[in-house]
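Shown here: model-v7.cif, mmCIF, C-alpha atoms.
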data_data
#
loop_
_atom_site.label_atom_id
_atom_site.label_comp_id
_atom_site.auth_asym_id
_atom_site.auth_seq_id
_atom_site.Cartn_x
_atom_site.Cartn_y
_atom_site.Cartn_z
CA MET M 235 -57.15 21.49 -21.53
CA ASP M 236 -55.76 24.56 -23.30
CA HIS M 237 -52.48 26.18 -22.24
CA ARG M 238 -54.19 28.80 -20.08
CA THR M 239 -56.10 26.20 -18.06
CA VAL M 240 -52.99 24.09 -17.57
CA LEU M 241 -51.06 27.15 -16.37
CA LEU M 242 -53.74 28.14 -13.86
CA VAL M 243 -53.99 24.63 -12.44
CA PHE M 244 -50.21 24.53 -12.06
CA LEU M 245 -50.14 27.91 -10.31
CA CYS M 246 -52.83 26.86 -7.87
CA PHE M 247 -50.85 23.72 -7.06
CA LEU M 248 -47.71 25.75 -6.35
CA LEU M 249 -49.37 28.41 -4.23
CA VAL M 250 -51.43 26.51 -1.72
CA THR M 251 -49.36 27.83 1.23
CA VAL M 252 -50.12 31.51 0.59
CA HIS M 253 -53.45 32.58 2.10
CA SER M 254 -55.72 35.60 2.35
CA GLU M 255 -59.38 35.60 3.20
CA VAL M 256 -62.39 37.81 2.50
CA GLN M 257 -64.77 37.66 5.47
CA LYS M 258 -68.26 38.91 6.31
CA ASP M 259 -66.82 39.92 9.66
CA PHE M 260 -63.30 39.71 11.02
CA SER M 261 -62.66 36.40 12.79
CA PRO M 262 -61.24 36.37 16.36
CA GLU M 263 -57.72 35.49 15.14
CA CYS M 264 -57.79 38.42 12.71
CA ARG M 265 -59.19 40.82 15.30
CA GLU M 266 -55.90 40.44 17.17
CA PHE M 267 -54.47 43.13 14.86
CA MET M 268 -56.94 45.71 16.15
CA TYR M 269 -56.93 47.34 19.58
CA MET M 270 -59.38 45.47 21.84
CA GLY M 271 -60.30 43.38 18.81
CA THR M 272 -62.40 46.24 17.46
CA PRO M 273 -62.17 47.65 13.91
CA PRO M 274 -62.59 51.37 13.23
CA ARG M 275 -66.25 52.30 13.70
CA GLY M 276 -68.39 54.29 11.28
CA LEU M 277 -67.17 52.88 7.95
CA GLU M 278 -70.05 50.98 6.36
CA ASN M 279 -70.64 50.49 2.65
CA ARG M 280 -71.66 47.53 0.50
CA SER M 281 -68.61 47.91 -1.71
CA LEU M 282 -66.23 47.59 1.25
CA LYS M 283 -64.80 44.11 1.79
CA LYS M 284 -63.11 42.85 4.95
CA ILE M 285 -59.92 40.96 4.16
CA CYS M 286 -57.93 38.96 6.67
CA GLN M 287 -54.53 39.01 5.02
CA ARG M 288 -52.92 35.59 5.44
CA TYR M 289 -49.49 34.43 4.39
CA ASN M 290 -47.97 30.97 4.87
CA GLY M 291 -50.96 29.80 6.86
CA LYS M 292 -51.01 32.68 9.38
CA PRO M 293 -53.02 35.91 9.54
CA ARG M 294 -50.70 38.93 9.25
CA TYR M 295 -53.02 42.00 9.30
CA VAL M 296 -56.46 43.11 8.13
CA THR M 297 -57.66 45.39 5.34
CA LEU M 298 -60.95 47.10 4.54
CA TYR M 299 -61.03 47.12 0.74
CA ASP M 300 -63.05 49.24 -1.69
CA ALA M 301 -64.03 46.88 -4.51
CA VAL M 302 -65.31 49.81 -6.62
CA GLY M 303 -62.35 52.18 -6.27
CA HIS M 304 -59.96 49.19 -6.25
CA ILE M 305 -57.95 50.42 -3.26
CA PRO M 306 -57.80 49.69 0.47
CA VAL M 307 -59.70 52.13 2.70
CA TYR M 308 -57.38 51.16 5.54
CA SER M 309 -55.02 48.45 6.70
CA ALA M 310 -54.79 47.66 10.42
CA TYR M 311 -51.74 45.90 11.82
CA THR M 312 -49.53 45.44 14.84
CA PHE M 313 -46.13 47.09 14.75
CA LYS M 314 -43.07 44.83 15.02
CA ARG M 315 -39.73 46.24 16.21
CA SER M 316 -37.05 46.23 13.52
CA ASP M 317 -34.21 48.23 12.04
CA GLY M 318 -36.44 49.00 9.06
CA PHE M 319 -33.86 48.17 6.43
CA LYS M 320 -34.14 44.45 5.62
CA LYS M 321 -36.21 43.76 2.52
CA VAL M 322 -37.76 40.66 1.00
CA ASP M 323 -37.94 39.65 -2.63
CA VAL M 324 -41.48 38.45 -3.34
CA PRO M 325 -43.88 38.88 -6.28
CA TRP M 326 -46.91 41.16 -6.03
CA MET M 327 -50.08 39.32 -5.03
CA PHE M 328 -53.84 39.63 -5.53
CA GLU M 329 -56.98 38.38 -3.75
CA PRO M 330 -58.96 35.90 -5.89
CA GLN M 331 -61.95 35.83 -3.52
CA LEU M 332 -62.76 39.47 -4.29
CA SER M 333 -63.83 38.35 -7.75
CA THR M 334 -64.84 34.70 -7.56
CA ALA M 335 -66.33 32.34 -5.00
CA SER M 336 -63.64 30.30 -3.33
CA ASP M 337 -63.26 28.24 -0.18
CA SER M 338 -59.47 28.08 -0.29
CA GLY M 339 -58.72 31.44 1.33
CA GLU M 340 -55.69 31.88 -0.87
CA MET M 341 -53.93 35.13 -1.66
CA GLN M 342 -51.84 34.44 -4.75
CA PRO M 343 -49.02 35.93 -6.80
CA PHE M 344 -50.26 37.38 -10.06
CA PRO M 345 -50.56 34.88 -12.93
CA PRO M 346 -49.60 35.86 -16.51
CA SER M 347 -51.12 39.16 -17.62
CA ASP M 348 -53.50 37.62 -20.16
CA VAL M 349 -55.49 36.15 -17.25
CA HIS M 350 -55.83 39.39 -15.23
CA ASP M 351 -59.10 40.47 -16.84
CA SER M 352 -60.82 37.53 -15.18
CA PHE M 353 -60.52 39.16 -11.74
CA SER M 354 -59.94 42.86 -12.51
CA ASP M 355 -63.59 43.72 -11.95
CA ALA M 356 -63.23 43.97 -8.18
CA GLN M 357 -59.57 44.82 -7.59
CA ALA M 358 -56.52 46.49 -9.05
CA VAL M 359 -54.13 44.54 -11.26
CA LEU M 360 -50.51 45.16 -12.18
CA GLU M 361 -51.45 46.82 -15.48
CA ASP M 362 -53.24 49.58 -13.56
CA TYR M 363 -49.89 50.71 -12.16
CA SER M 364 -47.86 50.31 -15.36
CA ASN M 365 -46.99 53.14 -17.73
CA ILE M 366 -48.01 55.84 -15.25
CA VAL M 367 -45.50 58.58 -14.55
CA ASP M 368 -46.83 60.33 -11.46
CA PHE M 369 -47.78 57.44 -9.18
CA GLU M 370 -46.14 54.61 -7.29
CA ARG M 371 -47.59 51.70 -5.34
CA GLY M 372 -47.63 53.00 -1.78
CA HIS M 373 -48.06 50.58 1.14
CA LEU M 374 -50.56 51.25 3.92
CA ASN M 375 -48.96 48.54 6.05
CA PRO M 376 -45.31 49.22 5.17
CA ASP M 377 -42.77 46.43 5.24
CA GLU M 378 -40.45 48.51 7.44
CA HIS M 379 -43.00 48.28 10.28
CA GLN M 380 -42.64 44.48 10.24
CA ALA M 381 -39.71 42.28 11.32
CA HIS M 382 -40.27 38.67 10.25
CA PRO M 383 -39.69 37.99 6.53
CA ASP M 384 -43.18 36.46 6.21
CA ASP M 385 -44.80 39.54 7.78
CA LYS M 386 -42.88 41.74 5.36
CA ALA M 387 -43.77 39.55 2.38
CA ALA M 388 -47.47 39.71 3.24
CA THR M 389 -47.48 43.49 2.71
CA TYR M 390 -46.80 43.02 -1.03
CA THR M 391 -50.36 42.64 -2.20
CA LEU M 392 -52.21 45.21 -4.29
CA THR M 393 -54.99 45.04 -1.70
CA ASN M 394 -52.56 46.85 0.64
CA VAL M 395 -51.39 49.63 -1.70
CA VAL M 396 -52.73 52.87 -3.14
CA PRO M 397 -51.48 55.21 -5.87
CA GLN M 398 -49.14 57.68 -4.21
CA ILE M 399 -47.50 60.62 -5.88
CA ARG M 400 -43.87 59.56 -6.17
CA GLU M 401 -42.42 62.63 -4.45
CA PHE M 402 -44.82 62.18 -1.52
CA ASN M 403 -44.25 58.43 -1.27
CA VAL M 404 -40.44 58.59 -1.15
CA GLY M 405 -40.36 61.95 0.63
CA HIS M 406 -42.59 63.17 3.46
CA TRP M 407 -44.63 59.98 3.89
CA LYS M 408 -41.61 57.68 3.95
CA GLN M 409 -39.94 59.97 6.46
CA HIS M 410 -43.01 59.78 8.69
CA GLU M 411 -42.95 55.97 8.53
CA HIS M 412 -39.32 56.17 9.75
CA ILE M 413 -40.32 58.52 12.59
CA ILE M 414 -43.08 56.20 13.80
CA ARG M 415 -40.81 53.16 13.60
CA ARG M 416 -38.12 54.86 15.71
CA ARG M 417 -40.65 56.25 18.22
CA LEU M 418 -42.37 52.91 18.78
CA ASN M 419 -39.07 51.03 18.81
CA ASN M 420 -37.74 53.32 21.53
CA TYR M 421 -40.73 54.12 23.73
CA CYS M 422 -43.55 51.60 23.24
CA ARG M 423 -43.12 48.84 25.83
CA GLY M 424 -46.10 46.70 24.85
CA LYS M 425 -48.05 46.02 21.69
CA ALA M 426 -48.61 48.89 19.26
CA TYR M 427 -51.63 48.94 16.96
CA ILE M 428 -51.58 51.01 13.77
CA VAL M 429 -54.36 51.89 11.35
CA THR M 430 -53.40 53.62 8.10
CA GLY M 431 -55.97 54.73 5.55
CA VAL M 432 -56.96 57.16 2.83
CA THR M 433 -59.53 59.70 1.74
CA THR M 434 -60.61 60.10 -1.89
CA SER M 435 -62.41 62.78 -3.87
CA GLY M 436 -63.14 61.24 -7.28
CA ARG M 437 -59.76 61.34 -9.00
CA MET M 438 -59.04 58.07 -10.82
CA ILE M 439 -56.31 56.28 -12.74
CA ARG M 440 -57.84 55.32 -16.08
CA ARG M 441 -56.95 52.44 -18.38
CA TYR M 442 -58.48 52.06 -21.84
CA ASN M 443 -60.66 55.09 -21.00
CA ILE M 444 -62.17 53.29 -18.01
CA ASP M 445 -61.88 54.43 -14.39
CA ARG M 446 -59.75 51.82 -12.69
CA VAL M 447 -58.08 52.93 -9.43
CA ALA M 448 -59.06 55.70 -7.04
CA VAL M 449 -56.28 58.16 -6.23
CA PRO M 450 -56.17 59.18 -2.55
CA THR M 451 -56.42 62.85 -1.71
CA TYR M 452 -54.98 62.34 1.77
CA LEU M 453 -53.23 59.49 3.55
CA TRP M 454 -53.75 59.24 7.30
CA THR M 455 -52.40 57.06 10.08
CA ALA M 456 -52.84 56.57 13.82
CA TYR M 457 -51.21 54.35 16.44
CA CYS M 458 -52.21 53.12 19.89
CA CYS M 459 -49.71 51.90 22.51
CA ILE M 460 -51.04 51.97 26.07
CA ASN M 461 -47.90 50.49 27.67
CA TYR M 462 -45.17 53.05 27.01
CA ASP M 463 -42.09 54.55 28.67
CA HIS M 464 -43.36 57.17 31.11
CA ASN M 465 -39.78 58.42 31.56
CA ALA M 466 -39.40 59.28 27.88
CA PRO M 467 -38.63 62.90 26.96
CA PHE M 468 -41.76 65.03 27.11
CA ASP M 469 -41.83 65.64 23.35
CA GLU M 470 -42.13 61.87 22.87
CA ARG M 471 -44.15 61.05 25.98
CA SER M 472 -46.82 63.55 24.94
CA LYS M 473 -47.45 61.45 21.81
CA PHE M 474 -48.64 58.45 23.85
CA PRO M 475 -50.74 56.43 24.26
CA ALA M 476 -52.08 57.48 20.86
CA PHE M 477 -51.17 59.94 18.15
CA ALA M 478 -52.01 60.47 14.50
CA ALA M 479 -51.10 62.25 11.28
CA TYR M 480 -52.22 62.97 7.75
CA GLY M 481 -50.57 64.18 4.55
CA LEU M 482 -51.72 65.52 1.20
CA ASN M 483 -50.97 63.15 -1.69
CA GLU M 484 -49.40 65.78 -3.96
CA LYS M 485 -45.99 66.86 -5.24
CA GLU M 486 -46.09 70.14 -3.36
CA GLY M 487 -47.59 71.14 -0.02
CA ALA M 488 -47.46 67.51 1.06
CA GLU M 489 -46.00 67.84 4.54
CA VAL M 490 -47.22 65.24 7.02
CA ILE M 491 -48.97 66.93 9.94
CA GLU M 492 -48.99 65.18 13.32
CA MET M 493 -51.93 65.69 15.68
CA SER M 494 -54.03 64.03 18.34
CA MET M 495 -56.21 61.13 17.31
CA GLN M 496 -59.34 63.15 18.08
CA GLN M 497 -58.13 65.93 15.76
CA LEU M 498 -57.61 63.38 12.99
CA GLU M 499 -61.08 61.93 13.51
CA TYR M 500 -62.57 65.43 13.27
CA PHE M 501 -60.60 66.06 10.07
CA LEU M 502 -61.79 62.78 8.51
CA LYS M 503 -65.43 63.44 9.42
CA LYS M 504 -65.16 66.65 7.39
CA ASN M 505 -63.19 65.22 4.47
CA THR M 506 -64.43 61.70 3.76
CA PHE M 507 -67.50 59.45 3.93
CA VAL M 508 -67.20 58.33 7.57
CA ASP M 509 -70.29 58.91 9.68
CA LYS M 510 -70.60 60.82 12.95
CA ARG M 511 -69.88 57.64 14.96
CA PHE M 512 -66.43 57.31 13.40
CA GLN M 513 -63.78 56.15 15.86
CA ILE M 514 -60.39 54.70 14.95
CA PHE M 515 -59.57 52.89 18.22
CA PHE M 516 -61.95 51.45 20.80
CA GLY M 517 -62.42 53.91 23.66
CA ASN M 518 -60.03 56.32 21.93
CA CYS M 519 -57.13 54.14 23.15
CA GLU M 520 -57.61 55.33 26.70
CA PRO M 521 -55.93 52.77 28.98
CA ASN M 522 -57.22 51.33 32.22
CA ASP M 523 -55.63 48.80 34.56
CA ALA M 524 -57.58 45.82 33.23
CA ILE M 525 -56.73 46.58 29.59
CA MET M 526 -53.06 47.19 30.37
CA ALA M 527 -52.84 43.80 32.11
CA VAL M 528 -54.09 42.12 28.96
CA GLN M 529 -51.84 44.09 26.59
CA THR M 530 -48.56 43.60 28.48
#

Starting from the coordinates I provided, produce the structure as structure tokens.
Amino acid sequence: MDHRTVLLVFLCFLLVTVHSEVQKDFSPECREFMYMGTPPRGLENRSLKKICQRYNGKPRYVTLYDAVGHIPVYSAYTFKRSDGFKKVDVPWMFEPQLSTASDSGEMQPFPPSDVHDSFSDAQAVLEDYSNIVDFERGHLNPDEHQAHPDDKAATYTLTNVVPQIREFNVGHWKQHEHIIRRRLNNYCRGKAYIVTGVTTSGRMIRRYNIDRVAVPTYLWTAYCCINYDHNAPFDERSKFPAFAAYGLNEKEGAEVIEMSMQQLEYFLKKNTFVDKRFQIFFGNCEPNDAIMAVQT
């Protein structure tokens, strides 16, 4: 075997405990990250791949991935209470099943760069984010919304990031992630479900004069927590059981605007490819006694 083959065999041997899985439909264990086990409705396209993101043998969250634009359309996850500051030191990962048939279900750290072309047809690679001044890798499922080190580590895959303008990523959007973490930490008494996604309009990061990675026009996010503190201050209580926001992915005019979930859905129907049935959370996250008994 040549040196490249030996290296790949060795990497596969080392990485058997790190898993991710591309599925035709989300399995029951992966549907646990979506309210009532139901993914957002009205997003159908052949290029969109359903990924159950697994790490160390456990599912951590789910992603709907655009294998043409090489970015996630959304990531859906459950919020975990934390102080938001602890970080983990892990390498960036990729999803081999997006490019090749595999029965291992493994999400793997990137191998040496001279091998990346073998799977870059259907997903972003590290080179797509190198030597670019304006953009950073922006998480849809941010590590600060997770608590366990493994849950944090699982967010560091390029199937969970999009190109964000640096000023927006470290400014208004990061501040909004802090706000949501504090709000759910303080006032959500049960499980909180979050879906964070993007809209695009044709702008691309190019490499070697080839379109490689779609650049989001807007980032959006919504949460659902039906078991919340009904004695919270009105300004906070009015943002339950569900609330949403979007922000423009630009250097200027990029304030994050909070709104009702229905207002966000109306905005997305006008500004992206979702159809008229589009719905982020089952039943618009409207609680009833039976659902609340299950969620508590």

Would you kindly translate the PyMOL selection byres ((chain M and resi 286-300) around 7) into the concrete residues it picks from this file, as JSON, numbers by chain?
-> {"M": [251, 252, 253, 254, 255, 256, 260, 264, 267, 281, 282, 283, 284, 285, 301, 302, 303, 304, 305, 306, 307, 308, 309, 310, 311, 384, 385, 388, 393]}

Of the candidates M:Ala456, M:Ala479, M:Ala387, M:Ala426, which one gets nearest to Glu266 of chain M if we count all atoms listed in the file?
->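 Under the stated criterion, the closest residue is M:Ala426.
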
Which of these residues is nearest to Val395 of chain M, using only C-alpha atoms: M:Asn375, M:Ser472, M:Ser435, M:Ser494?
->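 Closest residue, counting only C-alpha atoms: M:Asn375.
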
Between M:Gly372, M:Pro521, M:Pro397, M:Pro475, which one has atoms that come closest to Leu418 of chain M, using all atoms listed in the file?
->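 Looking at the shortest contact to Leu418 of chain M, the residue is M:Pro475.
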
Between M:Ser364, M:Leu502, M:Glu378, M:His464, which one has atoms that come closest to Arg416 of chain M, using only C-alpha atoms?
->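 Smallest separation from Arg416 of chain M among the options: M:Glu378.
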
So how many Å separate atom CA of Met495 of chain M and atom CA of Phe477 of chain M, to one decimal?
->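 Atom-to-atom, atom CA of Met495 of chain M to atom CA of Phe477 of chain M, that is 5.2 Å.
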
Given only C-alpha atoms as the counted atoms, nearest of M:Leu482, M:Ile413, M:Ile460, M:Ile491 to Phe515 of chain M =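 Residue with the minimum atom-to-atom distance to Phe515 of chain M: M:Ile460.
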
Need the neighbours of (-54.8, 56.1, -2.5): which residues are at most 6 Å away, counting only C-alpha atoms, as a compact mmCIF listing (two decimals) with C-alpha atoms, in the coordinates of the input?
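Dumped everything to point24.txt:
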# COMPACT_ATOMS: atom_id res chain seq x y z
CA VAL M 396 -52.73 52.87 -3.14
CA PRO M 397 -51.48 55.21 -5.87
CA VAL M 432 -56.96 57.16 2.83
CA VAL M 449 -56.28 58.16 -6.23
CA PRO M 450 -56.17 59.18 -2.55

Can you work out which one of M:Leu277, M:Ala381, M:Ile366, M:Cys519 has the shortest atom-to-atom distance to Val322 of chain M, counting all atoms listed in the file?
->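 Of the candidates, the smallest distance to Val322 of chain M is held by M:Ala381.
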
Expected selection from the PyMOL selection byres ((chain M and resi 275) around 7), given as a PyMOL selection string | chain M and resi 273-274+276-277+511-514

In Å, with one decimal, what is the gap from atom CA of Asp323 of chain M to atom CA of Val359 of chain M?
->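 Separating atom CA of Asp323 of chain M from atom CA of Val359 of chain M is a distance of 19.0 Å.
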
Run through the PyMOL selection byres ((chain M and resi 400-406) around 7) on the given coordinates and return the selected residues as a list in words.
->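 Those residues are Asp368, Phe369, Glu370, Gly372, Gln398, Ile399, Trp407, Lys408, Gln409, His410, Asn483, Glu484, Lys485, Ala488, Glu489 and Val490 of chain M.
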
Mind pulling up the distance from atom CA of Cys459 of chain M to atom CA of Gln380 of chain M?
-> 16.0 Å

Would you list the contacts of Met327 of chain M as an MDAnalysis selection string, taking every protein, DNA or RNA residue within 6 Å and counting only C-alpha atoms, but skipping same-chain residues closer than 6 positions in sequence?
-> chainID M and resid 342:344 391

Hey, what's within 9 Å of Pro376 of chain M if we count all atoms listed in the file and toss same-chain stuff fewer than 4 positions away? As an NGL selection string, please?
-> :M and (372 or 380 or 386 or 389-390 or 394 or 411)

Serialized selection, C-alpha atoms, as a tab-separated table (two decimals), keeping the file's coordinate frame:
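So part01.tsv came out as:
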chain	number	residue	atom	x	y	z
M	372	GLY	CA	-47.63	53.00	-1.78
M	380	GLN	CA	-42.64	44.48	10.24
M	386	LYS	CA	-42.88	41.74	5.36
M	389	THR	CA	-47.48	43.49	2.71
M	390	TYR	CA	-46.80	43.02	-1.03
M	394	ASN	CA	-52.56	46.85	0.64
M	411	GLU	CA	-42.95	55.97	8.53

Is it possible to add N, CA and C atoms to segment 339-373 of chain M and hand it back as a compact mmCIF listing (two decimals), keeping the file's coordinate frame?
# COMPACT_ATOMS: atom_id res chain seq x y z
N GLY M 339 -59.32 30.36 0.56
CA GLY M 339 -58.72 31.44 1.33
C GLY M 339 -57.34 31.82 0.87
N GLU M 340 -57.04 31.66 -0.38
CA GLU M 340 -55.69 31.88 -0.87
C GLU M 340 -55.48 33.27 -1.47
N MET M 341 -54.44 33.95 -1.00
CA MET M 341 -53.93 35.13 -1.66
C MET M 341 -52.78 34.67 -2.53
N GLN M 342 -52.77 35.05 -3.82
CA GLN M 342 -51.84 34.44 -4.75
C GLN M 342 -51.01 35.47 -5.51
N PRO M 343 -49.78 35.10 -5.87
CA PRO M 343 -49.02 35.93 -6.80
C PRO M 343 -49.76 36.04 -8.13
N PHE M 344 -49.56 37.15 -8.80
CA PHE M 344 -50.26 37.38 -10.06
C PHE M 344 -49.86 36.34 -11.10
N PRO M 345 -50.85 35.77 -11.80
CA PRO M 345 -50.56 34.88 -12.93
C PRO M 345 -50.16 35.71 -14.14
N PRO M 346 -49.92 35.09 -15.30
CA PRO M 346 -49.60 35.86 -16.51
C PRO M 346 -50.66 36.90 -16.82
N SER M 347 -50.25 38.00 -17.44
CA SER M 347 -51.12 39.16 -17.62
C SER M 347 -52.36 38.87 -18.45
N ASP M 348 -52.32 37.87 -19.32
CA ASP M 348 -53.50 37.62 -20.16
C ASP M 348 -54.65 37.00 -19.37
N VAL M 349 -54.43 36.70 -18.10
CA VAL M 349 -55.49 36.15 -17.25
C VAL M 349 -56.07 37.22 -16.32
N HIS M 350 -55.44 38.39 -16.22
CA HIS M 350 -55.83 39.39 -15.23
C HIS M 350 -57.25 39.89 -15.40
N ASP M 351 -57.75 39.94 -16.63
CA ASP M 351 -59.10 40.47 -16.84
C ASP M 351 -60.16 39.64 -16.14
N SER M 352 -59.84 38.40 -15.81
CA SER M 352 -60.82 37.53 -15.18
C SER M 352 -61.12 37.93 -13.73
N PHE M 353 -60.24 38.73 -13.11
CA PHE M 353 -60.52 39.16 -11.74
C PHE M 353 -60.32 40.66 -11.54
N SER M 354 -60.19 41.43 -12.62
CA SER M 354 -59.94 42.86 -12.51
C SER M 354 -61.20 43.66 -12.23
N ASP M 355 -62.36 42.99 -12.20
CA ASP M 355 -63.59 43.72 -11.95
C ASP M 355 -63.66 44.29 -10.54
N ALA M 356 -63.06 43.59 -9.58
CA ALA M 356 -63.23 43.97 -8.18
C ALA M 356 -61.94 44.37 -7.49
N GLN M 357 -60.82 44.43 -8.22
CA GLN M 357 -59.57 44.82 -7.59
C GLN M 357 -58.58 45.32 -8.63
N ALA M 358 -57.56 46.00 -8.15
CA ALA M 358 -56.52 46.49 -9.05
C ALA M 358 -55.65 45.33 -9.52
N VAL M 359 -55.08 45.51 -10.71
CA VAL M 359 -54.13 44.54 -11.26
C VAL M 359 -52.85 45.29 -11.62
N LEU M 360 -51.81 44.54 -11.93
CA LEU M 360 -50.51 45.16 -12.18
C LEU M 360 -50.55 46.17 -13.31
N GLU M 361 -51.37 45.90 -14.33
CA GLU M 361 -51.45 46.82 -15.48
C GLU M 361 -51.95 48.20 -15.08
N ASP M 362 -52.74 48.29 -14.00
CA ASP M 362 -53.24 49.58 -13.56
C ASP M 362 -52.12 50.50 -13.10
N TYR M 363 -51.01 49.92 -12.67
CA TYR M 363 -49.89 50.71 -12.16
C TYR M 363 -48.73 50.79 -13.17
N SER M 364 -48.92 50.25 -14.35
CA SER M 364 -47.86 50.31 -15.36
C SER M 364 -48.05 51.52 -16.27
N ASN M 365 -46.96 52.03 -16.78
CA ASN M 365 -46.99 53.14 -17.73
C ASN M 365 -47.67 54.39 -17.16
N ILE M 366 -47.54 54.59 -15.86
CA ILE M 366 -48.01 55.84 -15.25
C ILE M 366 -46.81 56.55 -14.65
N VAL M 367 -46.70 57.82 -14.92
CA VAL M 367 -45.50 58.58 -14.55
C VAL M 367 -45.57 59.10 -13.13
N ASP M 368 -46.73 59.58 -12.71
CA ASP M 368 -46.83 60.33 -11.46
C ASP M 368 -46.94 59.47 -10.22
N PHE M 369 -47.41 58.23 -10.36
CA PHE M 369 -47.78 57.44 -9.18
C PHE M 369 -46.90 56.23 -8.97
N GLU M 370 -46.78 55.85 -7.69
CA GLU M 370 -46.14 54.61 -7.29
C GLU M 370 -47.10 53.82 -6.40
N ARG M 371 -46.81 52.53 -6.25
CA ARG M 371 -47.59 51.70 -5.34
C ARG M 371 -47.13 51.99 -3.92
N GLY M 372 -47.98 52.62 -3.14
CA GLY M 372 -47.63 53.00 -1.78
C GLY M 372 -48.31 52.11 -0.76
N HIS M 373 -47.53 51.48 0.12
CA HIS M 373 -48.06 50.58 1.14
C HIS M 373 -48.83 51.34 2.23
